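Visitor: Pasting upload37.cif below, which is mmCIF, C-alpha atoms.
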data_start
loop_
_atom_site.label_atom_id
_atom_site.label_comp_id
_atom_site.auth_asym_id
_atom_site.auth_seq_id
_atom_site.Cartn_x
_atom_site.Cartn_y
_atom_site.Cartn_z
CA MET L 28 22.47 -23.30 -20.79
CA GLU L 29 25.15 -20.92 -19.68
CA ILE L 30 24.59 -17.23 -20.41
CA GLU L 31 27.74 -15.93 -22.09
CA LYS L 32 26.89 -12.28 -22.51
CA LEU L 33 25.12 -10.04 -20.05
CA ILE L 34 24.19 -6.37 -20.03
CA LEU L 35 25.53 -5.02 -16.76
CA ALA L 36 24.53 -1.38 -17.09
CA VAL L 37 22.85 1.06 -19.47
CA ILE L 38 24.00 4.66 -19.75
CA THR L 39 21.85 7.14 -21.60
CA THR L 40 21.17 10.83 -22.12
CA ASN L 41 17.65 10.08 -23.31
CA PRO L 42 15.35 8.79 -20.50
CA SER L 43 12.51 8.10 -22.93
CA LYS L 44 14.55 5.36 -24.65
CA VAL L 45 15.37 3.27 -21.60
CA PRO L 46 13.04 2.30 -18.73
CA ALA L 47 14.17 3.14 -15.22
CA GLY L 48 16.12 0.56 -13.24
CA SER L 49 18.93 0.34 -10.75
CA TRP L 50 21.37 -0.44 -13.54
CA VAL L 51 20.33 2.52 -15.72
CA PHE L 52 22.39 5.69 -15.46
CA TYR L 53 20.85 8.91 -16.77
CA CYS L 54 23.34 11.53 -17.80
CA GLU L 55 23.01 15.21 -18.58
CA ASN L 56 25.03 15.22 -21.77
CA GLU L 57 27.23 13.09 -23.99
CA ARG L 58 30.40 14.08 -22.16
CA GLU L 59 29.03 12.81 -18.87
CA MET L 60 27.76 9.64 -20.56
CA LYS L 61 31.27 8.84 -21.88
CA ARG L 62 32.79 9.56 -18.48
CA VAL L 63 30.38 7.25 -16.69
CA ALA L 64 31.00 4.61 -19.36
CA VAL L 65 34.79 4.78 -18.88
CA ASN L 66 34.40 4.32 -15.13
CA LEU L 67 31.82 1.56 -15.37
CA GLU L 68 33.89 -0.28 -17.95
CA ALA L 69 36.84 -0.30 -15.58
CA ILE L 70 34.77 -1.23 -12.53
CA LEU L 71 32.69 -3.96 -14.12
CA ASP L 72 35.39 -5.47 -16.34
CA GLY L 73 33.05 -5.25 -19.30
CA ILE L 74 33.12 -3.57 -22.69
CA ALA L 75 31.33 -0.27 -23.34
CA HIS L 76 29.30 -0.53 -26.54
CA LEU L 77 27.58 2.34 -28.29
CA LEU L 78 24.09 1.33 -29.44
CA THR L 79 22.88 4.67 -30.72
CA ASP L 80 24.26 8.15 -30.17
CA ASP L 81 22.44 8.45 -26.86
CA VAL L 82 22.49 4.90 -25.46
CA MET L 83 25.54 2.97 -24.27
CA ILE L 84 25.63 -0.46 -22.67
CA ILE L 85 28.28 -2.23 -20.63
CA VAL L 86 28.40 -5.90 -21.57
CA LYS L 87 30.20 -8.74 -19.85
CA HIS L 88 31.61 -11.14 -22.46
CA MET T 29 75.45 -61.91 -17.64
CA SER T 30 72.36 -62.59 -19.68
CA ASP T 31 72.51 -62.81 -23.48
CA TYR T 32 69.89 -60.15 -23.66
CA MET T 33 71.78 -57.56 -21.67
CA TYR T 34 73.24 -55.59 -24.59
CA PRO T 35 70.19 -55.70 -26.87
CA VAL T 36 67.97 -54.50 -24.03
CA LEU T 37 70.40 -51.73 -23.08
CA PHE T 38 70.65 -50.71 -26.74
CA GLY T 39 66.84 -50.67 -27.00
CA ILE T 40 66.41 -48.60 -23.84
CA GLY T 41 69.13 -46.18 -24.93
CA SER T 42 67.63 -45.64 -28.37
CA GLY T 43 64.13 -45.23 -26.96
CA LEU T 44 65.37 -42.62 -24.52
CA ILE T 45 67.26 -40.72 -27.22
CA ALA T 46 64.12 -40.76 -29.36
CA ARG T 47 62.16 -39.25 -26.47
CA ILE T 48 64.78 -36.55 -25.87
CA ILE T 49 64.68 -35.60 -29.55
CA MET T 50 60.89 -35.40 -29.47
CA LEU T 51 60.93 -33.29 -26.30
CA ARG T 52 61.14 -29.83 -27.70
CA THR T 53 60.62 -26.58 -25.91
CA ASP T 54 59.72 -23.83 -28.32
CA TYR T 55 57.88 -20.51 -28.37
CA ARG T 56 54.76 -22.24 -27.09
CA GLN T 57 56.65 -22.60 -23.82
CA TYR T 58 55.67 -26.11 -23.04
CA PRO T 59 57.07 -28.11 -21.30
CA THR T 60 59.46 -25.38 -20.38
CA TYR T 61 60.26 -26.02 -16.75
CA LEU T 62 62.73 -28.53 -15.48
CA HIS T 63 60.32 -30.69 -13.54
CA GLY T 64 57.98 -31.01 -16.49
CA LYS T 65 60.89 -32.25 -18.56
CA ILE T 66 61.95 -34.74 -15.91
CA ILE T 67 58.46 -36.24 -15.80
CA HIS T 68 58.51 -36.78 -19.55
CA LEU T 69 62.03 -38.18 -19.59
CA ALA T 70 61.18 -40.58 -16.76
CA LEU T 71 58.08 -41.79 -18.56
CA GLY T 72 60.11 -42.06 -21.75
CA PHE T 73 62.60 -44.27 -19.92
CA ILE T 74 59.81 -46.52 -18.65
CA ALA T 75 58.34 -46.72 -22.15
CA SER T 76 61.65 -47.65 -23.73
CA ALA T 77 62.39 -50.23 -21.01
CA LEU T 78 59.00 -51.86 -21.59
CA GLY T 79 59.56 -51.97 -25.32
CA ALA T 80 63.07 -53.37 -25.01
CA ILE T 81 62.16 -56.07 -22.49
CA ALA T 82 59.15 -57.22 -24.48
CA VAL T 83 61.43 -58.65 -27.18
CA PRO T 84 63.45 -61.13 -25.04
CA ALA T 85 60.24 -62.02 -23.21
CA LEU T 86 58.67 -63.07 -26.50
CA ILE T 87 61.78 -64.94 -27.63
CA GLU T 88 61.82 -66.88 -24.36
CA GLU T 89 58.18 -67.74 -25.09
CA ASN T 90 57.11 -65.91 -22.02
CA ILE T 91 53.90 -64.85 -23.69
CA THR T 92 52.22 -63.50 -20.59
CA ALA T 93 54.93 -60.85 -20.28
CA ILE T 94 53.30 -59.17 -23.24
CA THR T 95 50.39 -58.18 -20.98
CA PHE T 96 52.89 -55.70 -19.60
CA LEU T 97 52.35 -53.66 -22.72
CA THR T 98 48.66 -53.25 -21.94
CA LEU T 99 49.73 -51.91 -18.58
CA ALA T 100 51.93 -49.46 -20.42
CA ALA T 101 49.01 -48.39 -22.60
CA SER T 102 46.84 -47.54 -19.60
CA GLN T 103 49.80 -45.80 -17.99
CA PHE T 104 50.27 -43.53 -20.97
CA ARG T 105 46.59 -42.81 -21.24
CA GLU T 106 47.05 -41.52 -17.72
CA VAL T 107 49.83 -39.26 -19.02
CA ARG T 108 47.35 -37.80 -21.43
CA ASN T 109 44.91 -37.11 -18.60
CA MET T 110 47.66 -35.53 -16.56
CA GLU T 111 48.65 -33.22 -19.39
CA ARG T 112 45.06 -32.29 -20.06
CA ASN T 113 44.32 -31.51 -16.43
CA THR T 114 47.49 -29.46 -15.94
CA LEU T 115 46.95 -27.41 -19.05
CA GLU T 116 43.26 -26.85 -18.34
CA GLN T 117 44.12 -25.55 -14.89
CA LEU T 118 46.80 -23.25 -16.26
CA ASP T 119 44.55 -22.07 -19.06
CA GLN T 120 42.29 -20.22 -16.64
CA TYR T 121 45.14 -17.88 -15.81
CA GLU T 122 46.33 -17.17 -19.33
CA LEU T 123 45.57 -13.72 -20.73
CA VAL T 124 44.76 -15.39 -24.03
CA SER T 125 43.70 -18.97 -23.40
CA ARG T 126 44.85 -21.98 -25.40
CA GLY T 127 41.41 -23.43 -25.75
CA ASN T 128 40.37 -27.04 -25.21
CA THR T 129 41.03 -28.15 -28.78
CA TYR T 130 44.66 -27.08 -28.55
CA ILE T 131 45.05 -28.67 -25.10
CA GLU T 132 43.61 -31.96 -26.32
CA GLY T 133 46.00 -31.84 -29.26
CA ILE T 134 49.00 -31.39 -26.95
CA ALA T 135 47.78 -34.17 -24.63
CA ILE T 136 47.36 -36.59 -27.53
CA ALA T 137 50.85 -35.71 -28.79
CA PHE T 138 52.37 -36.55 -25.40
CA GLU T 139 50.65 -39.92 -25.28
CA SER T 140 51.55 -40.84 -28.83
CA ARG T 141 55.20 -39.87 -28.30
CA ASN T 142 55.48 -42.54 -25.65
CA TYR T 143 54.11 -45.12 -28.07
CA LEU T 144 56.69 -44.05 -30.63
CA VAL T 145 59.35 -44.61 -27.96
CA ILE T 146 58.06 -48.15 -27.33
CA PHE T 147 58.02 -48.80 -31.05
CA THR T 148 61.59 -47.52 -31.43
CA SER T 149 62.95 -49.64 -28.60
CA ILE T 150 61.18 -52.82 -29.81
CA ILE T 151 62.55 -52.41 -33.33
CA THR T 152 66.09 -51.52 -32.23
CA THR T 153 66.27 -54.36 -29.68
CA LEU T 154 65.12 -56.81 -32.35
CA SER T 155 67.60 -55.53 -34.89
CA TYR T 156 70.47 -55.63 -32.38
CA MET T 157 69.74 -59.29 -31.71
CA PHE T 158 69.44 -60.47 -35.29
CA LEU T 159 71.47 -58.03 -37.38
CA PRO T 160 75.04 -56.70 -37.32
CA ILE T 161 75.57 -53.62 -35.14
CA GLY T 162 76.03 -51.26 -38.10
CA PHE T 163 72.66 -52.25 -39.44
CA SER T 164 70.91 -51.78 -36.13
CA ILE T 165 72.35 -48.27 -35.77
CA PHE T 166 71.06 -47.53 -39.24
CA ILE T 167 67.61 -48.81 -38.23
CA PHE T 168 67.79 -46.70 -35.07
CA ILE T 169 68.43 -43.55 -37.15
CA LEU T 170 65.59 -44.56 -39.45
CA CYS T 171 63.29 -44.84 -36.41
CA LEU T 172 64.32 -41.35 -35.27
CA ILE T 173 63.56 -39.88 -38.67
CA LEU T 174 60.23 -41.70 -38.77
CA SER T 175 59.34 -40.40 -35.30
CA ARG T 176 60.14 -36.86 -36.36
CA ILE T 177 58.01 -37.17 -39.48
CA LEU T 178 55.11 -38.66 -37.51
CA MET T 179 55.35 -35.95 -34.85
CA ASP T 180 55.42 -33.01 -37.22
CA GLY T 181 51.87 -32.13 -38.04
CA GLY T 182 50.75 -29.69 -40.71
CA LYS T 183 51.24 -25.96 -40.43
CA LEU T 184 48.66 -23.30 -41.08
CA LYS T 185 50.68 -21.76 -43.91
CA ASP T 186 50.15 -24.95 -45.91
CA ILE T 187 46.40 -24.36 -46.04
CA VAL T 188 45.95 -20.56 -45.96
CA ASP T 189 47.42 -17.38 -47.42
CA ILE T 190 48.05 -14.69 -44.80
CA VAL T 191 47.80 -10.99 -45.57
CA TYR T 192 48.25 -8.03 -43.22
CA VAL T 193 45.38 -5.53 -43.13
CA GLN T 194 45.27 -2.46 -40.88
CA PRO T 195 42.07 -2.60 -38.80
CA HIS T 196 39.65 0.33 -39.16
CA PHE T 197 36.44 1.66 -37.65
CA GLU T 198 33.14 2.31 -39.33
CA ARG T 199 31.37 4.34 -36.66
CA GLU T 200 31.67 2.10 -33.55
CA GLY T 201 32.24 -1.13 -35.44
CA LEU T 202 35.79 -2.46 -35.69
CA TYR T 203 36.58 -4.10 -39.03
CA VAL T 204 39.49 -6.01 -40.46
CA ASP T 205 39.09 -5.69 -44.21
CA ASN T 206 35.31 -6.13 -44.55
CA ILE T 207 34.93 -8.53 -41.63
CA TYR T 208 33.19 -7.18 -38.55
CA ILE T 209 35.11 -7.81 -35.32
CA MET T 210 33.32 -5.97 -32.50
CA ASN T 211 31.63 -2.79 -31.29
CA ILE T 212 33.74 -0.46 -29.18
CA GLY T 213 31.79 2.42 -27.63
CA LEU T 214 34.50 4.62 -26.17
CA LYS T 215 36.61 6.94 -28.28
CA GLU T 216 39.72 6.43 -26.11
CA ARG T 217 39.49 2.67 -26.55
CA ARG T 218 39.04 3.06 -30.29
CA GLU T 219 42.20 5.15 -30.47
CA GLU T 220 44.14 2.58 -28.48
CA VAL T 221 42.83 -0.22 -30.64
CA LEU T 222 43.91 1.60 -33.81
CA LYS T 223 47.31 2.40 -32.31
CA TYR T 224 48.17 -1.10 -31.12
CA GLY T 225 45.89 -3.33 -33.15
CA MET T 226 46.92 -5.46 -36.10
CA GLY T 227 44.67 -7.34 -38.49
CA PHE T 228 45.37 -10.36 -40.65
CA ILE T 229 43.23 -12.05 -43.23
CA LEU T 230 43.58 -15.80 -43.58
CA LYS T 231 42.46 -16.85 -47.01
CA PRO T 232 41.82 -20.60 -47.27
CA LYS T 233 43.48 -22.34 -50.22
CA SER T 234 40.84 -25.05 -50.50
CA PHE T 235 37.36 -25.99 -49.33
CA ASN T 236 38.86 -28.36 -46.72
CA ALA T 237 41.01 -25.53 -45.37
CA ARG T 238 37.93 -23.34 -45.17
CA MET T 239 36.25 -25.81 -42.82
CA THR T 240 39.43 -26.30 -40.77
CA ILE T 241 39.99 -22.61 -40.01
CA ALA T 242 36.29 -22.20 -39.27
CA ASN T 243 36.85 -24.37 -36.19
CA LEU T 244 36.75 -22.21 -33.06
CA GLY T 245 39.50 -24.24 -31.37
CA GLN T 246 41.81 -23.72 -34.34
CA ARG T 247 41.17 -19.98 -34.27
CA GLN T 248 41.83 -19.81 -30.53
CA ALA T 249 45.10 -21.68 -31.09
CA ILE T 250 46.19 -19.04 -33.61
CA LEU T 251 45.36 -16.23 -31.17
CA HIS T 252 47.19 -17.98 -28.35
CA ASP T 253 50.31 -18.65 -30.39
CA VAL T 254 50.54 -15.09 -31.70
CA SER T 255 49.92 -13.62 -28.25
CA THR T 256 52.54 -15.85 -26.70
CA ALA T 257 55.17 -14.98 -29.27
CA LEU T 258 54.52 -11.25 -29.69
CA GLY T 259 53.14 -10.41 -26.25
CA VAL T 260 49.70 -9.02 -25.68
CA TYR T 261 48.51 -5.49 -24.93
CA ARG T 262 45.98 -6.24 -22.24
CA ASP T 263 45.42 -7.04 -18.59
CA SER T 264 42.69 -8.86 -16.71
CA GLY T 265 39.52 -6.80 -16.78
CA THR T 266 40.10 -5.24 -20.21
CA PRO T 267 37.88 -7.37 -22.41
CA ALA T 268 37.93 -4.72 -25.15
CA PHE T 269 41.53 -5.75 -25.89
CA VAL T 270 40.89 -9.45 -26.22
CA PRO T 271 42.24 -10.73 -29.54
CA LEU T 272 39.51 -12.11 -31.76
CA ALA T 273 39.16 -14.14 -34.94
CA LYS T 274 35.99 -13.77 -36.95
CA ARG T 275 34.83 -15.44 -40.11
CA ASP T 276 33.45 -14.08 -43.34
CA LEU T 277 30.39 -16.18 -43.99
CA ASN T 278 30.48 -15.59 -47.73
CA ASP T 279 33.87 -16.96 -48.61
CA GLY T 280 35.20 -18.55 -45.41
CA ARG T 281 38.06 -16.11 -44.91
CA VAL T 282 39.02 -15.55 -41.29
CA ALA T 283 40.03 -12.16 -39.91
CA VAL T 284 42.46 -12.27 -37.00
CA PHE T 285 42.59 -9.19 -34.81
CA ILE T 286 45.39 -8.94 -32.23
CA LEU T 287 46.96 -6.29 -30.01
CA PRO T 288 50.60 -7.36 -29.66
CA GLN T 289 53.32 -5.73 -27.57
CA GLU T 290 55.70 -6.05 -30.47
CA ARG T 291 54.34 -4.73 -33.76
CA ASN T 292 56.27 -6.74 -36.29
CA ILE T 293 54.17 -7.64 -39.32
CA LYS T 294 56.64 -10.05 -40.89
CA LYS T 295 57.15 -11.95 -37.65
CA ALA T 296 53.42 -12.07 -36.94
CA ILE T 297 52.68 -13.55 -40.38
CA GLU T 298 55.43 -16.10 -39.79
CA ILE T 299 53.98 -17.09 -36.41
CA ILE T 300 50.42 -17.39 -37.67
CA GLY T 301 51.77 -19.49 -40.54
CA SER T 302 53.59 -21.86 -38.22
CA THR T 303 50.61 -22.44 -35.92
CA PRO T 304 49.93 -26.18 -36.06
CA THR T 305 46.75 -27.27 -37.77
CA LEU T 306 45.08 -29.06 -34.89
CA GLU T 307 44.24 -32.69 -35.55
CA ASN T 308 40.88 -32.22 -33.92
CA ALA T 309 40.07 -29.25 -36.14
CA ILE T 310 40.98 -30.77 -39.50
CA ARG T 311 37.92 -31.34 -41.66
CA LEU T 312 37.99 -33.03 -45.02
CA PRO T 313 34.51 -32.56 -46.48
CA THR T 314 35.76 -33.26 -50.00
CA LYS T 315 36.77 -36.79 -48.94
CA ARG T 316 33.16 -37.71 -48.38
CA LYS T 317 32.14 -40.51 -50.70
CA LYS T 318 29.51 -39.44 -53.12
CA GLU T 319 26.23 -41.11 -52.34
CA GLY T 320 25.15 -43.69 -54.86
CA GLY T 321 28.18 -43.08 -56.91
#
Any chance you could give the structure as structure tokens?
Guide:
Amino acid sequence: MEIEKLILAVITTNPSKVPAGSWVFYCENEREMKRVAVNLEAILDGIAHLLTDDVMIIVKH
Amino acid sequence: MSDYMYPVLFGIGSGLIARIIMLRTDYRQYPTYLHGKIIHLALGFIASALGAIAVPALIEENITAITFLTLAASQFREVRNMERNTLEQLDQYELVSRGNTYIEGIAIAFESRNYLVIFTSIITTLSYMFLPIGFSIFIFILCLILSRILMDGGKLKDIVDIVYVQPHFEREGLYVDNIYIMNIGLKERREEVLKYGMGFILKPKSFNARMTIANLGQRQAILHDVSTALGVYRDSGTPAFVPLAKRDLNDGRVAVFILPQERNIKKAIEIIGSTPTLENAIRLPTKRKKEGG
């Protein structure tokens, strides 16, 4: 079966919510999180989704 | 000069005219380019010649000549494959793809048009041989009208009501009316989506229509047609701006979300309404025979 959706990166300001990994980006504050998300969205050609206030994911559709 | 010269020429001519009339280039932009048209006209000529020659062959009791028609059938099936392959290749480079259901629909239409051409030239050749010329011209016109009727499929506006609804956000979720479309995480994207986005609700008029617009291929066809006609606000690598059509599970309504270059509500409703209902998407659950009854 072909995988249609894939989480490419996780961006968070709350390290306790997301385990460490090469595709996890810890940010100091919300402003930095949004900035990283904008860049990653453009680089990875994915969509930035907001899961909770402190966790964002970049998903390839 | 053979007795059959004029009837055959008349048959070929009428078949070719029928093909030209059925060869339309419209907003869907296909077949728009000159070479595409030439291919179809050439095949139309072959089809009409086959149809016209079949009649004298039969009259001369040359029964085996009829096997020619089977050759024609396999030839036109090949046309269908050609159309399908071309469109599938092109589809990969469309910003909003046609989808396989739409492509198959177009391919089938091209094949069947050639059969209509054969039919027209057989009938007109026959009538030219056995009826006065005035009559055969009348029959020719009748064939043209019949071809047009057979080629015109249903339109979406026959089965749904279309209403414009401005899309809105509830936190990160994008909604058209009460139908959830997608989650957009970035504030800048949300602002762009609200600025350029348009939402439409397609309300099915019957239970059959509900099943037809539920078909993913049919929904993709709507998105493709609207994006072709009104332009699309996106580039490769901006999946957040992909037009989407989602379904309300409760009542079968479909929400269409698009980001056009030209924001013209009236025109958009018109275009959605004139999207063909794809043959492969049409479902008629109410036609099912009741078991035991």
Visitor: Please identify every residue of chain T that has at least one atom no more than 6 Å from any atom of chain L, counting only C-alpha atoms, and report them as a list in words.
Guide: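 Output check: Asn211, Ile212, Gly213, Gly265 and Ala268 of chain T.
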Visitor: Can you measure atom CA of Pro195 of chain T to atom CA of Gly301 of chain T for me? One decimal in Å is fine.
Guide: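 According to the coordinates, atom CA of Pro195 of chain T and atom CA of Gly301 of chain T are separated by 19.6 Å.
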Visitor: Using atom CA of Met50 of chain T and atom CA of Ala77 of chain T as the two end points, give the distance in Å to one decimal.
Guide: 17.1 Å
Visitor: Evaluate the PyMOL selection byres ((chain T and resi 40) around 7) on the structure here and hand back the selected residues as a list in words.
Guide: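 Those residues are Val36, Leu37, Phe38, Gly39, Gly41, Ser42, Gly43, Leu44, Phe73, Ser76, Ala77, Ala80 and Ser149 of chain T.
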Visitor: Could you work out how far atom CA of Ala283 of chain T lies from atom CA of Gly227 of chain T, giving the answer in Å with one decimal?
Guide: 6.8 Å
Visitor: Using all atoms listed in the file, which residues sit within 10 Å of Leu178 of chain T once same-chain residues fewer than 4 positions away are excluded, as a list in words?
Guide: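 Those residues are Ser140, Arg141, Leu144, Leu172, Ile173 and Leu174 of chain T.
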Visitor: Residues at most 12 Å from Ile165 of chain T, counting only C-alpha atoms, excluding those fewer than 4 positions away in the same chain, as number ranges by chain?
Guide: T: 35, 38-39, 41-42, 148-149, 151-156, 159-161, 169-172
Visitor: Given the file shown, enumerate the residues that the PyMOL selection byres ((chain T and resi 82) around 10) captures and present them as a PyMOL selection string.
Guide: chain T and resi 36+76-81+83-87+90-91+93-97+146+149-150+153-154
Visitor: Residues near segment 114-123 of chain T, anyone? I mean within 9 Å using all atoms listed in the file, not counting same-chain ones fewer than 4 positions away, as number ranges by chain.
Guide: T: 109-110, 127-128, 131, 135, 252, 255, 260, 262-264, 270
Visitor: Please write the residues picked by the PyMOL selection byres ((chain T and resi 198) around 12) on this file as a list in words.
Guide: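 Written out, the selection comes to Pro195, His196, Phe197, Arg199, Glu200, Gly201, Leu202, Tyr203, Val204, Asp205, Asn206, Ile207, Tyr208, Ile209, Met210, Asn211, Ile212, Gly213 and Arg218 of chain T.
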Visitor: Extending 4 Å beyond the listed atoms of segment 66-71 of chain L on each side, what axis-aligned box results? I want centre and edge lengths in Å to one decimal, as AutoDock Vina command-line options.
Guide:
--center_x 34.3 --center_y 0.2 --center_z -15.2 --size_x 13.0 --size_y 16.3 --size_z 13.4
Visitor: Residues near Arg281 of chain T, anyone? I mean within 9 Å using only C-alpha atoms, not counting same-chain ones fewer than 3 positions away, as a list of chain:residue names.
Guide: T:Ile207, T:Ile229, T:Leu230, T:Lys231, T:Pro232, T:Arg238, T:Ile241, T:Ala242, T:Lys274, T:Arg275, T:Asp276, T:Leu277, T:Asn278
